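> One structure coming up, written as C-alpha cells, with questions to follow.
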4 protein chains.
Amino acid sequence: MASEEIELSGHIIDSWTLPRAWDTIMDRGGNFTVEEMRVGASKTEPSYVRLKVEAPDDEILERILSELQQFGAVLVHAADVRTAPIEKDGVLPARFYSTTNLPTQVRLDGQWVDVENIEMDVAIVIDYANGRVYGKPMHEVKVGEQVVIDHDGIRVHPFERARDREAFAFMQSNVSSEKAKVLAIHEIARHMKATRERGGKILFVLGPAVIHTGAGRYIADLIRRDYVQVIFGGNAIVTHDVDSALFGTSLGVDLRTGEQVEGGHRNHLRAINAIRAAGSLEKAMEMGLLREGITYEALKRNLPMILAGSIRDDGPMPSVINDMQEAQRRMREALKGVEMAIMVASMLHAIATGNLLPATVRTVVVDINPAVVTKLADRGSFQAAGLVTDAELFLRELAEALS
Amino acid sequence: MASEEIELSGHIIDSWTLPRAWDTIMDRGGNFTVEEMRVGASKTEPSYVRLKVEAPDDEILERILSELQQFGAVLVHAADVRTAPIEKDGVLPARFYSTTNLPTQVRLDGQWVDVENIEMDVAIVIDYANGRVYGKPMHEVKVGEQVVIDHDGIRVHPFERARDREAFAFMQSNVSSEKAKVLAIHEIARHMKATRERGGKILFVLGPAVIHTGAGRYIADLIRRDYVQVIFGGNAIVTHDVDSALFGTSLGVDLRTGEQVEGGHRNHLRAINAIRAAGSLEKAMEMGLLREGITYEALKRNLPMILAGSIRDDGPMPSVINDMQEAQRRMREALKGVEMAIMVASMLHAIATGNLLPATVRTVVVDINPAVVTKLADRGSFQAAGLVTDAELFLRELAEALS
Amino acid sequence: MASEEIELSGHIIDSWTLPRAWDTIMDRGGNFTVEEMRVGASKTEPSYVRLKVEAPDDEILERILSELQQFGAVLVHAADVRTAPIEKDGVLPARFYSTTNLPTQVRLDGQWVDVENIEMDVAIVIDYANGRVYGKPMHEVKVGEQVVIDHDGIRVHPFERARDREAFAFMQSNVSSEKAKVLAIHEIARHMKATRERGGKILFVLGPAVIHTGAGRYIADLIRRDYVQVIFGGNAIVTHDVDSALFGTSLGVDLRTGEQVEGGHRNHLRAINAIRAAGSLEKAMEMGLLREGITYEALKRNLPMILAGSIRDDGPMPSVINDMQEAQRRMREALKGVEMAIMVASMLHAIATGNLLPATVRTVVVDINPAVVTKLADRGSFQAAGLVTDAELFLRELAEALS
Amino acid sequence: MASEEIELSGHIIDSWTLPRAWDTIMDRGGNFTVEEMRVGASKTEPSYVRLKVEAPDDEILERILSELQQFGAVLVHAADVRTAPIEKDGVLPARFYSTTNLPTQVRLDGQWVDVENIEMDVAIVIDYANGRVYGKPMHEVKVGEQVVIDHDGIRVHPFERARDREAFAFMQSNVSSEKAKVLAIHEIARHMKATRERGGKILFVLGPAVIHTGAGRYIADLIRRDYVQVIFGGNAIVTHDVDSALFGTSLGVDLRTGEQVEGGHRNHLRAINAIRAAGSLEKAMEMGLLREGITYEALKRNLPMILAGSIRDDGPMPSVINDMQEAQRRMREALKGVEMAIMVASMLHAIATGNLLPATVRTVVVDINPAVVTKLADRGSFQAAGLVTDAELFLRELAEALS
C-alpha cells in the first residue's frame, strides 16, 4: 500500500471540495482516513481537514493526488516544486504536470510563487534566473526550459462559492429554457457595468447566427457604448457581417424584411471577394466600402478582433488567421486584462476560448441548444454559467438592460 | 390496369399542388397521362389539368385517389357522394372516408355542399333530412347515421399560396433559431390585431414553462387587453399559475428573484390542495384567495379555459377534465369562432389542439425545441408556422409589439 | 432564531448525503453547527453526524427540516408521528406531509413502522385500528382518515451508493451518446436476468416509435422469453402495433421495406375501427384478426397492459382507459411486484410512471433525445439511469444480449 | 421589363425541377409564360419546357437566371461561355460565376465541355491553350487566368430521381430516429459492397465520439476488410484513438469497463506528448509504441488520413495540419476517386468535407443530433442522406451487415 498525507482548508464544505475529494479517492480505488477535521462553526468560518490517502500502488496514488490537487489539496510533507529540462522542442518530460485553469502556486525555496498565464492543460515553466513562473502550451516549449513535474510543491486555489457576497447568483447553476431568463440577463448587465467601472475588459465570442438573426446591430451598439473590448470569432461571422453591411443580406435573407432574396450562395462570396479586391478590411473601410456593422465598429475603435480560420471556410476573408498555432497565440495575447467573457451562438470558437481562459474570468455561454451550453459551461470551468435561450432576443434584451 | 380521370384547377402550379399530385401517383406505384393542361399565362391566372391515373389494381388506384383528393383532385366522371349507415355505435363502415383538415364539400343531388366542423381524421355524417353535412369523430357516431364512404362526390379545397396578398409571409416557411425572430413576432402581432378587428377569436395553448419562466404576466396582460379569447392547457399550467399567484413560486423557484426557495415538491401540491379546499377555482377567486395570474384574469372575464387532464397529473386541480372524450368535446365546442391559434411551450396539448383545428385557422407554434416545432408545424397543417425561440422572450416581445 | 437538532447516519459521506444537507441548510437561509461527528475510518464503515440547525424563523426552519428529512435526517428529540383527520373528501389538512419516493417509516408508539405503497407526492394515511400505514394520493383520501402532518416521527431512508457491491455501475451516472452504450446494455441484460431469477417483475413503458422503427418484434420476443411482466403505454403504441399486425405498416410506412405506402392517415384509423368493430382486442385475437405483435403476445400470456388515454388520441382503441384517475389506479395496482422498469421512447407515459414508482425499483430510461432522458432520470429518482441512444438499436442489442 | 427565354428538359416533373424553377421565378419577383411544354406521357419519358422569364430589371433577371441554372436551365439563345482575366492573385472578377456541386459544362466554340474538379462555391478557370476547364477556389486563382463570368454558355446537370433503378431508396428522404434504421444500414452496406466491387473509394469522416463510445474497433475492422480508402478527421479523433491504443482510455474512461479511471485531462496530453517524443505517428508505430486502433490500421495500409487542425486543439498531434489552406488542398487531393462518403459523429470536418464533395459522391451523414444531420444533409447536396441514430450502434450494425 502506498500512502500520503494531504491537507484541505477553506470553505471546503460549503464549496463541496471535501465531498468531491472523498469521492475521487474512492472512485479511483483508494481509501482514506480522516486524521484531523475542524468544521467551521458557521458558514462564514473556514474548515480544515487532514487526510491519510491510501492506494494499492504508487501509480494509483499518483493519479489520486493529481486529481486532489485540483481541489486545492496540499501534501503535508511538502517539498519544493520539482522540474525537469526540455530535451526536444515541443516535447514535455514524461512526468510533466498538467495545469487546471485555477489560480496556481508553486513552492520555490520554501516560498509560494504565483503561476502567470494560467490556463487549462498547459505545462508550467520555471525561469529560475528571473524568478518567474508561467504556463506554456506544449508546442511552445523550447530545449533547456525547466518544466514542473510530479506533485510536490504545487498548490491550486479552487473556486469557492461565496454565498453571501455573490452578485452573480445564477452563476451557481445554469439557466435552462424553463427558468426566467430576463432576471439572469439583468444580472449579466449589472456585472458588465461593474466590470467596466473597475476597468476590466469584456470579451465577446460570436457565432454567425448573431448576424443571420439581425442581432449584429445590438453588438455594434454595445461596441459604441464601450461594453466590448475584445472580439473572437471566425471567417463566418466576419463574412456575414460584411455581407450584411454591403448587401443587407445574410445567407441570402434580406435582414430588413426577412425575405429570401437570393439562393444564398452568392452574396457571401461576393462580400469576401470585394474585401480581397480592396486589399483588407481596413482599406475597405477607408475606401468607404464598409460603413457599418460589427467589424466596422471594431476597426473604428481599434478593438482587437481575432478571427481564427477553420477547415470549412470559404475565401477566406482577409484578417482571418489560417495558421491555428498563430491564431491561438494571438488569442492568448488579446486575453490580457479580460475579466468577463460572453459567448453567443458559437461552438467551435467558444470551446477554443474556454480552453484558454483562466477560471477567474466570469464566463457566460448563451445558446439555444442545451447541448452546446452544457458542453461549454461544464468544461472544467466552475466560473462559467450557461443560459439556454435565443441569441437574438438575448442580445436585444441585454442591450436594453444596459441602457 | 385500373384507371380513373381526375381534374385539378386553381393555383396548382404556384401552390405545388400539381407536382405533389404527380409525385404521389408515382410513389404509390401508379402512372399518369396528361390529357389536358392549361398553365395560367402569369402567376395570377389559375391553371387547369386533366390527368388519366392508372394503377396495377383497384386497391392501389383507390389509395392514390384518396391521396389526390387531399390536393383538391375531383373525379371527372363525378357522381354524388356515397354513404353507408352506422350499424354499431362508435364503429364506422369499412370503406369510410377519413377527412383532412381542409375545407371540404360533398355532392348531394348534383350540388356541392360544405362540410361543417371539419377537422383531421374524422368521418363525414350526412343528415339527409335536414340537408346538413358535418364532421364527426369515430367514437361519437351513432347507429343509423349515414357516413360518407369511397371517393365519389368529394371535393377538398387545398391551401393555396397567395403570394402577393400574403400579410403573413413567414408562414410560408418556419423560422429557425438562426433567422430574425423579431420580424416574425411583429408580423404575428399585426395579424392578431387584424383578427381582433374583424371579430375573430384568438386561442392560446399554453405549457407550464410559460409560468416557470415568469412569462405568465405577459399572458395575463394580453388577456386584459382582449387579445386572448380561449385558453387550452392542462393540470400543470393551472397548478403552477396558482402556485405563483399564491406563493410567488413555480417549481420551487421564487419568480421575483430567480432563487430556489424550496425543494420544489411542496408548493404545487399545497396550491392544488388549497383550491380543492376552497371547492373550485371560481370560489377561490370569490374568497379573495386567488388574486392574480392567467387563471384569475381568465375567470374574471369568463374566458373559456379548457384544462384537459393527463396521466402524469398530481391532484388534479379542480376544473381539470379527467375524461379524455369529454375534454375533446369541450375543446371542439370552444373552437367555434377561433381564427388564430398561438401555441407556446406545449407539446401534448398543442398536438391535441392541432388535431382539432381546421386548416383555415392561422396557427403559430413557438418552442425552443426545434423537434416540437417541426412535429407540430408539419402535422398535415399547411396553415401552421413554427418559430424556434425562447417562449419567455417571445411573449415579452409580443406583448411589447402589441402595445 | 428557531432551531432544531437532527441526526444523520450511514454512508452519509460516500453518498453525498452530508454535503447535500449542509448545502440545503445554507441555500434556504439557515445555518448549522456540527455538534458531533464520527467519520467512518474507511469507506465500508458508516458515519454519524449530529447538527444543530438554526433558521431566522419557524417557517424557514420547517422548510429546511422538510428537505433534510428527504436525505434521511431524523429529529433528535423525536416524538411520535402526528396526524390530522380528513374533513372533506379529496382535500388534505393544511400541514400535510408530502412523501418522497424513498422507503419511509413513521414512529407509532415509539416503534418505527414501514409506509406501504410509497411513491412521490402523496399523503401518508395511518390506519390506527389495523396498525397499517400507507401512501395515498390526494384525490383518494376520504373523510375521517388520519393523515400525517408536520415532521415529527418520520424517517426516510435515502439511497446509498454501495460502491463495492454495485452490479449496475452505469446507474451512478447517466450514459450520454458519447459513451459506450454496448457495455451499459449488457449490464441491463444481466440485471434483467437477475431480476427474473429472483422472481421480480419487469415493467416496460413503451412509446409509439418502438413500432415505427420496426422494433416491436424485439419486444414481442422479450415477452415470449418471459422478460416482460407488465406493459404501460397509450393509445398510440397499441394503435400502431395493431396497424403493423393488420397491414404491415406504421404511420403509412411498410415496415419490411421502409417505403411509404400511403399518406399515413388511413391505416391507423382503419386499425382502430377494425378492433372497435370486433368489440375488443381480445375478441379480435379470438377471431384470428390479430395474429402478431406486442399486444397479441401480451394478451396471449395475460400480461397486464395498461393503456392510458390522452387528449391527443384518435379513436381510441378499445382497452384504452379514458379516465385519468382510473388509469392511475390501474397502473398503481399493476406495479405490485415490479422490481425493474425499462422506459423506451416514451415521454408522457414514462413521466407518469416515474411519478408512481418507489425509488427501490431499478429504472432505465432510453431515448435518443437527451432532454427526455434528463427530465426523467433526474426526476427526484436516484435509482433511475438514463441512456441516450437509439431505441430501435437499443432493443435489438438488448434482445441479442439476453439470448 | 427585362426578359430571357430558357429551356428545361429531362425528368423535370418527376425530379421537381420544373415546380422549383417556377417557384424561384415568382419568389424572386419575376414572372413567366410557358411558351412550349411537352410532358412525358409516362414516368420513363423525359419532359421539355420552354419558358419566357420576365423581371422588373436586369439585376433581378440576372439573379433569377443564376438560380435557374442550378436546376439545369439553359438559355435558348445560348452563346459561348464568357470569361474575364484575373488581375490580382486570389481575387475574382466582379461578375464571376460561382459553381454548384453538380456536374457542369461550359460551351467553348459551340461545344459543351465538362468542368473538372467541380465543387460548391468555386470559380471556373478556362485554360484555352490546353482546352481544359476546371473548378478552382478563390484563394488559389492567379493573375492571368481566365475565369467564367455571367450566365452564357453554362449548363448544370441537376440530380434526377431515378425512381425505378434506385438501389439506395432511403436517400430520397432522411431517416429520422422514428423510422427503421436497420433497413437503411443494410442498404448502406449493399451500396458499400457495390462501390468496392467497381473499384470506387469510400471516405470516412470521423468525429471523436467514435472513439469515446468504443466504436473505433468497428472502423479498424472495416479498414482491415478494405471498406475504407480515405479518412478525414481532426486532432481529437487521432488523439483519442492513440490515447485508447496506449492507455485503453478515452476522455479518462476505461473503454473495456466503462469506468472513469482518471479526471480525463491527463491521458490525452500524455498520448500527444508520447507521439511528439517519438517524432511522428509513423515512428511511434515502427518503435512498437502504437500497436492498434484506427490510426495504426490506416498507417499500416498507407491509407490517406487527412487530419485538419482547429483552433480548439491541444498539442497538436504530429500529422495534424495547422494551416487551413494547406489542409483543404490535401483534402481535395485525397478526394480523387472517392465515390461514397460516410460521415459519423462529426460536425466541423463533415461540413468542411461536404463543401468539397461533388454531388455525384453518395454521402451518408450519421449523427444522434438531428440538427447536425439536417445541417449537413440539406447543405445544397441532393445526394446526401441523413440517418439520425447512435454512432456506436450504427457502426456495430454496419460492420455486422458487411460480414
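Letters A, B, ... go to the chains of the C-alpha cells in the order shown; residues in each chain start at 1; ligands are counted from 1 in the same order.
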What does the C-alpha RMSD come to when chain B is least-squares superposed onto chain D, all C-alpha atoms paired in sequence order?
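Across the paired C-alpha atoms, the RMSD reaches 0.1 Å.
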> So which residues of stretch 264-357 of chain A fall under alpha helix (DSSP H) by DSSP, listed as a PyMOL selection string?
chain A and resi 267-278+281-286+294-300+324-334+348-356
> Taking only C-alpha atoms into account, find every residue of chain A that has an atom no more than 6 Å from chain B, and write it out as a list in words.
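Going by the stated atoms only, the list reads Glu178, Lys179, Ala180, Ala209, His212, Thr213, Gly214, Thr389 and Asp390 of chain A.
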> Would you write out those residues with C-alpha atoms, as an mmCIF file, in the first residue's frame?

data_model
loop_
_atom_site.group_PDB
_atom_site.id
_atom_site.type_symbol
_atom_site.label_atom_id
_atom_site.label_comp_id
_atom_site.auth_asym_id
_atom_site.auth_seq_id
_atom_site.Cartn_x
_atom_site.Cartn_y
_atom_site.Cartn_z
ATOM 1 C CA GLU A 178 -37.596 26.672 -18.411
ATOM 2 C CA LYS A 179 -36.353 29.323 -15.974
ATOM 3 C CA ALA A 180 -36.714 33.094 -16.011
ATOM 4 C CA ALA A 209 -26.165 33.287 -36.162
ATOM 5 C CA HIS A 212 -28.300 35.841 -39.576
ATOM 6 C CA THR A 213 -30.832 36.803 -36.913
ATOM 7 C CA GLY A 214 -30.261 40.512 -37.399
ATOM 8 C CA THR A 389 -32.102 30.940 -24.803
ATOM 9 C CA ASP A 390 -32.442 32.674 -28.140
#
> What's the separation between atom CA of B:Ala55 and atom CA of B:Gly110, in Å to one decimal place?
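Those two atoms sit 28.0 Å apart.
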> Quick check, in Å to one decimal: how far apart do atom CA of B:Val143 and atom CA of C:Gly279 lie?
15.0 Å
> Measuring between only C-alpha atoms, which one of C:Asn130, C:Asn235, C:Gly30, C:Glu145 shows the shortest distance to C:Glu87?
C:Glu145
> Quick one: pick out all strand (DSSP E or B) residues within stretch 101-171 of chain B from a backbone DSSP run and write them as a ChimeraX atom specification.
/B:104-108,111-114,116,123-127,132-136,146-149,154-156
> Go ahead and save the residues from that selection, with N, CA, C and O atoms, as a tab-separated table (two decimals), in the first residue's frame.

chain	number	residue	atom	x	y	z
B	104	THR	N	-63.94	21.21	-47.14
B	104	THR	CA	-64.38	20.05	-47.92
B	104	THR	C	-65.83	20.22	-48.31
B	104	THR	O	-66.61	20.81	-47.56
B	105	GLN	N	-66.17	19.72	-49.49
B	105	GLN	CA	-67.55	19.73	-49.94
B	105	GLN	C	-67.93	18.33	-50.39
B	105	GLN	O	-67.09	17.56	-50.83
B	106	VAL	N	-69.23	18.02	-50.30
B	106	VAL	CA	-69.70	16.75	-50.87
B	106	VAL	C	-70.83	17.09	-51.85
B	106	VAL	O	-71.52	18.09	-51.70
B	107	ARG	N	-71.02	16.22	-52.86
B	107	ARG	CA	-72.04	16.47	-53.86
B	107	ARG	C	-73.31	15.73	-53.50
B	107	ARG	O	-73.33	14.49	-53.43
B	108	LEU	N	-74.34	16.48	-53.25
B	108	LEU	CA	-75.66	15.92	-52.92
B	108	LEU	C	-76.61	16.37	-54.02
B	108	LEU	O	-76.74	17.58	-54.25
B	111	GLN	N	-75.38	19.01	-56.27
B	111	GLN	CA	-74.95	20.29	-55.68
B	111	GLN	C	-73.79	20.07	-54.71
B	111	GLN	O	-73.83	19.13	-53.91
B	112	TRP	N	-72.80	20.97	-54.73
B	112	TRP	CA	-71.71	20.86	-53.77
B	112	TRP	C	-72.11	21.54	-52.45
B	112	TRP	O	-72.42	22.73	-52.44
B	113	VAL	N	-72.08	20.79	-51.38
B	113	VAL	CA	-72.49	21.28	-50.06
B	113	VAL	C	-71.28	21.28	-49.12
B	113	VAL	O	-70.51	20.32	-49.10
B	114	ASP	N	-71.09	22.36	-48.36
B	114	ASP	CA	-69.95	22.45	-47.42
B	114	ASP	C	-70.09	21.48	-46.26
B	114	ASP	O	-71.18	21.32	-45.71
B	116	GLU	N	-69.52	20.94	-42.47
B	116	GLU	CA	-69.30	21.73	-41.25
B	116	GLU	C	-68.38	20.98	-40.28
B	116	GLU	O	-68.22	19.77	-40.38
B	123	ALA	N	-64.98	11.28	-39.55
B	123	ALA	CA	-65.90	10.83	-40.59
B	123	ALA	C	-66.82	11.98	-40.98
B	123	ALA	O	-66.91	12.98	-40.26
B	124	ILE	N	-67.49	11.85	-42.15
B	124	ILE	CA	-68.47	12.86	-42.55
B	124	ILE	C	-69.87	12.24	-42.46
B	124	ILE	O	-70.14	11.22	-43.08
B	125	VAL	N	-70.70	12.86	-41.64
B	125	VAL	CA	-72.07	12.39	-41.47
B	125	VAL	C	-72.98	13.23	-42.35
B	125	VAL	O	-72.84	14.46	-42.41
B	126	ILE	N	-73.91	12.59	-43.05
B	126	ILE	CA	-74.88	13.32	-43.87
B	126	ILE	C	-76.27	13.16	-43.25
B	126	ILE	O	-76.77	12.05	-43.08
B	127	ASP	N	-76.79	14.29	-42.89
B	127	ASP	CA	-78.14	14.33	-42.33
B	127	ASP	C	-79.07	14.70	-43.50
B	127	ASP	O	-79.34	15.87	-43.75
B	132	ARG	N	-77.96	18.70	-43.93
B	132	ARG	CA	-76.71	19.15	-43.30
B	132	ARG	C	-75.63	18.07	-43.39
B	132	ARG	O	-75.93	16.87	-43.37
B	133	VAL	N	-74.41	18.53	-43.49
B	133	VAL	CA	-73.26	17.63	-43.63
B	133	VAL	C	-72.20	18.10	-42.65
B	133	VAL	O	-71.86	19.28	-42.64
B	134	TYR	N	-71.68	17.20	-41.81
B	134	TYR	CA	-70.69	17.65	-40.82
B	134	TYR	C	-69.71	16.54	-40.42
B	134	TYR	O	-70.00	15.36	-40.58
B	135	GLY	N	-68.54	17.00	-39.94
B	135	GLY	CA	-67.53	16.06	-39.46
B	135	GLY	C	-67.90	15.53	-38.09
B	135	GLY	O	-68.49	16.25	-37.27
B	136	LYS	N	-67.53	14.26	-37.82
B	136	LYS	CA	-67.83	13.67	-36.52
B	136	LYS	C	-66.76	12.64	-36.19
B	136	LYS	O	-66.46	11.77	-37.01
B	146	GLN	N	-75.81	8.23	-41.41
B	146	GLN	CA	-75.24	7.92	-42.71
B	146	GLN	C	-73.87	8.58	-42.81
B	146	GLN	O	-73.74	9.79	-42.62
B	147	VAL	N	-72.88	7.78	-43.18
B	147	VAL	CA	-71.50	8.25	-43.19
B	147	VAL	C	-70.91	8.10	-44.59
B	147	VAL	O	-71.16	7.09	-45.26
B	148	VAL	N	-70.13	9.08	-45.03
B	148	VAL	CA	-69.55	9.06	-46.37
B	148	VAL	C	-68.54	7.92	-46.52
B	148	VAL	O	-67.70	7.71	-45.63
B	149	ILE	N	-68.64	7.21	-47.65
B	149	ILE	CA	-67.65	6.16	-47.97
B	149	ILE	C	-67.09	6.41	-49.38
B	149	ILE	O	-67.62	7.20	-50.14
B	154	ILE	N	-66.67	14.02	-53.64
B	154	ILE	CA	-65.96	14.71	-52.54
B	154	ILE	C	-64.99	15.71	-53.14
B	154	ILE	O	-64.26	15.38	-54.08
B	155	ARG	N	-64.99	16.92	-52.63
B	155	ARG	CA	-64.06	17.93	-53.13
B	155	ARG	C	-63.38	18.62	-51.96
B	155	ARG	O	-64.04	19.16	-51.08
B	156	VAL	N	-62.05	18.60	-51.98
B	156	VAL	CA	-61.26	19.24	-50.92
B	156	VAL	C	-60.64	20.50	-51.49
B	156	VAL	O	-60.18	20.50	-52.64
> Any idea what's packed within 10 Å of A:Met305, counting only C-alpha atoms, ignoring anything in its chain fewer than 4 positions away? Could you give it as JSON, numbers by chain?
{"A": [203, 204, 205, 229, 230, 231, 232, 233, 234, 238, 294, 295, 298, 299, 319, 320, 330, 331, 334]}
> Grab the atom CA of D:Ala308 to atom CA of D:Val228 distance for me, in Å with one decimal place.
18.4 Å
> Residues at most 10 Å from A:Ser280, counting only C-alpha atoms, excluding those fewer than 6 positions away in the same chain, as a ChimeraX atom specification?
/A:274,286,317-319
> Restricting it to N, CA, C and O atoms, dump the selection as a PDB file, in the first residue's frame.

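Output (part31.pdb):
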ATOM      1  N   ALA A 274     -14.988  41.161 -52.604  1.00  0.00           N
ATOM      2  CA  ALA A 274     -14.893  42.632 -52.602  1.00  0.00           C
ATOM      3  C   ALA A 274     -13.814  43.101 -51.629  1.00  0.00           C
ATOM      4  O   ALA A 274     -13.045  44.025 -51.928  1.00  0.00           O
ATOM      5  N   GLU A 286     -11.544  52.449 -45.200  1.00  0.00           N
ATOM      6  CA  GLU A 286     -11.003  53.735 -45.668  1.00  0.00           C
ATOM      7  C   GLU A 286     -11.627  54.155 -46.996  1.00  0.00           C
ATOM      8  O   GLU A 286     -11.922  55.325 -47.220  1.00  0.00           O
ATOM      9  N   MET A 317     -11.878  35.508 -45.820  1.00  0.00           N
ATOM     10  CA  MET A 317     -11.843  36.948 -45.697  1.00  0.00           C
ATOM     11  C   MET A 317     -10.441  37.373 -45.227  1.00  0.00           C
ATOM     12  O   MET A 317      -9.865  36.703 -44.364  1.00  0.00           O
ATOM     13  N   PRO A 318      -9.882  38.451 -45.764  1.00  0.00           N
ATOM     14  CA  PRO A 318      -8.624  38.967 -45.206  1.00  0.00           C
ATOM     15  C   PRO A 318      -8.786  39.209 -43.701  1.00  0.00           C
ATOM     16  O   PRO A 318      -9.885  39.531 -43.265  1.00  0.00           O
ATOM     17  N   SER A 319      -7.712  39.069 -42.964  1.00  0.00           N
ATOM     18  CA  SER A 319      -7.650  39.186 -41.491  1.00  0.00           C
ATOM     19  C   SER A 319      -7.905  37.861 -40.797  1.00  0.00           C
ATOM     20  O   SER A 319      -7.592  37.710 -39.620  1.00  0.00           O
TER      21      SER A 319
END
> Using only C-alpha atoms, determine which residues lie at most 8 Å from A:Leu51, disregarding the query and same-chain residues fewer than 6 positions distant; provide the list as a ChimeraX atom specification.
/A:5-7,32-36
> Can you pull out every residue within 7 Å of D:Gly10, counting only C-alpha atoms, but drop anything in the same chain fewer than 6 positions away, and send it as a PDB file with N, CA, C and O atoms, in the first residue's frame?

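Done, and the output landed in part08.pdb:
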ATOM      1  N   PRO D  46     -38.829  11.556 -70.907  1.00  0.00           N
ATOM      2  CA  PRO D  46     -38.448  12.897 -70.445  1.00  0.00           C
ATOM      3  C   PRO D  46     -39.476  13.946 -70.874  1.00  0.00           C
ATOM      4  O   PRO D  46     -40.265  13.724 -71.783  1.00  0.00           O
ATOM      5  N   SER D  47     -39.449  15.064 -70.172  1.00  0.00           N
ATOM      6  CA  SER D  47     -40.331  16.175 -70.495  1.00  0.00           C
ATOM      7  C   SER D  47     -39.485  17.350 -70.982  1.00  0.00           C
ATOM      8  O   SER D  47     -38.251  17.342 -70.891  1.00  0.00           O
ATOM      9  N   TYR D  48     -40.165  18.362 -71.502  1.00  0.00           N
ATOM     10  CA  TYR D  48     -39.464  19.534 -72.021  1.00  0.00           C
ATOM     11  C   TYR D  48     -40.329  20.761 -71.784  1.00  0.00           C
ATOM     12  O   TYR D  48     -41.556  20.703 -71.949  1.00  0.00           O
TER      13      TYR D  48
END
> When you look at C:Ala271 with a cut-off of 9 Å (counting only C-alpha atoms), what residues show up, excluding the ones that are within fewer than 6 positions of it in the same chain? I need them as a list of chain:residue names.
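Answer for this query is C:Thr239, C:His240, C:Val242, C:Asp243, C:Ser244, C:Leu246, C:Phe247, C:Met317.
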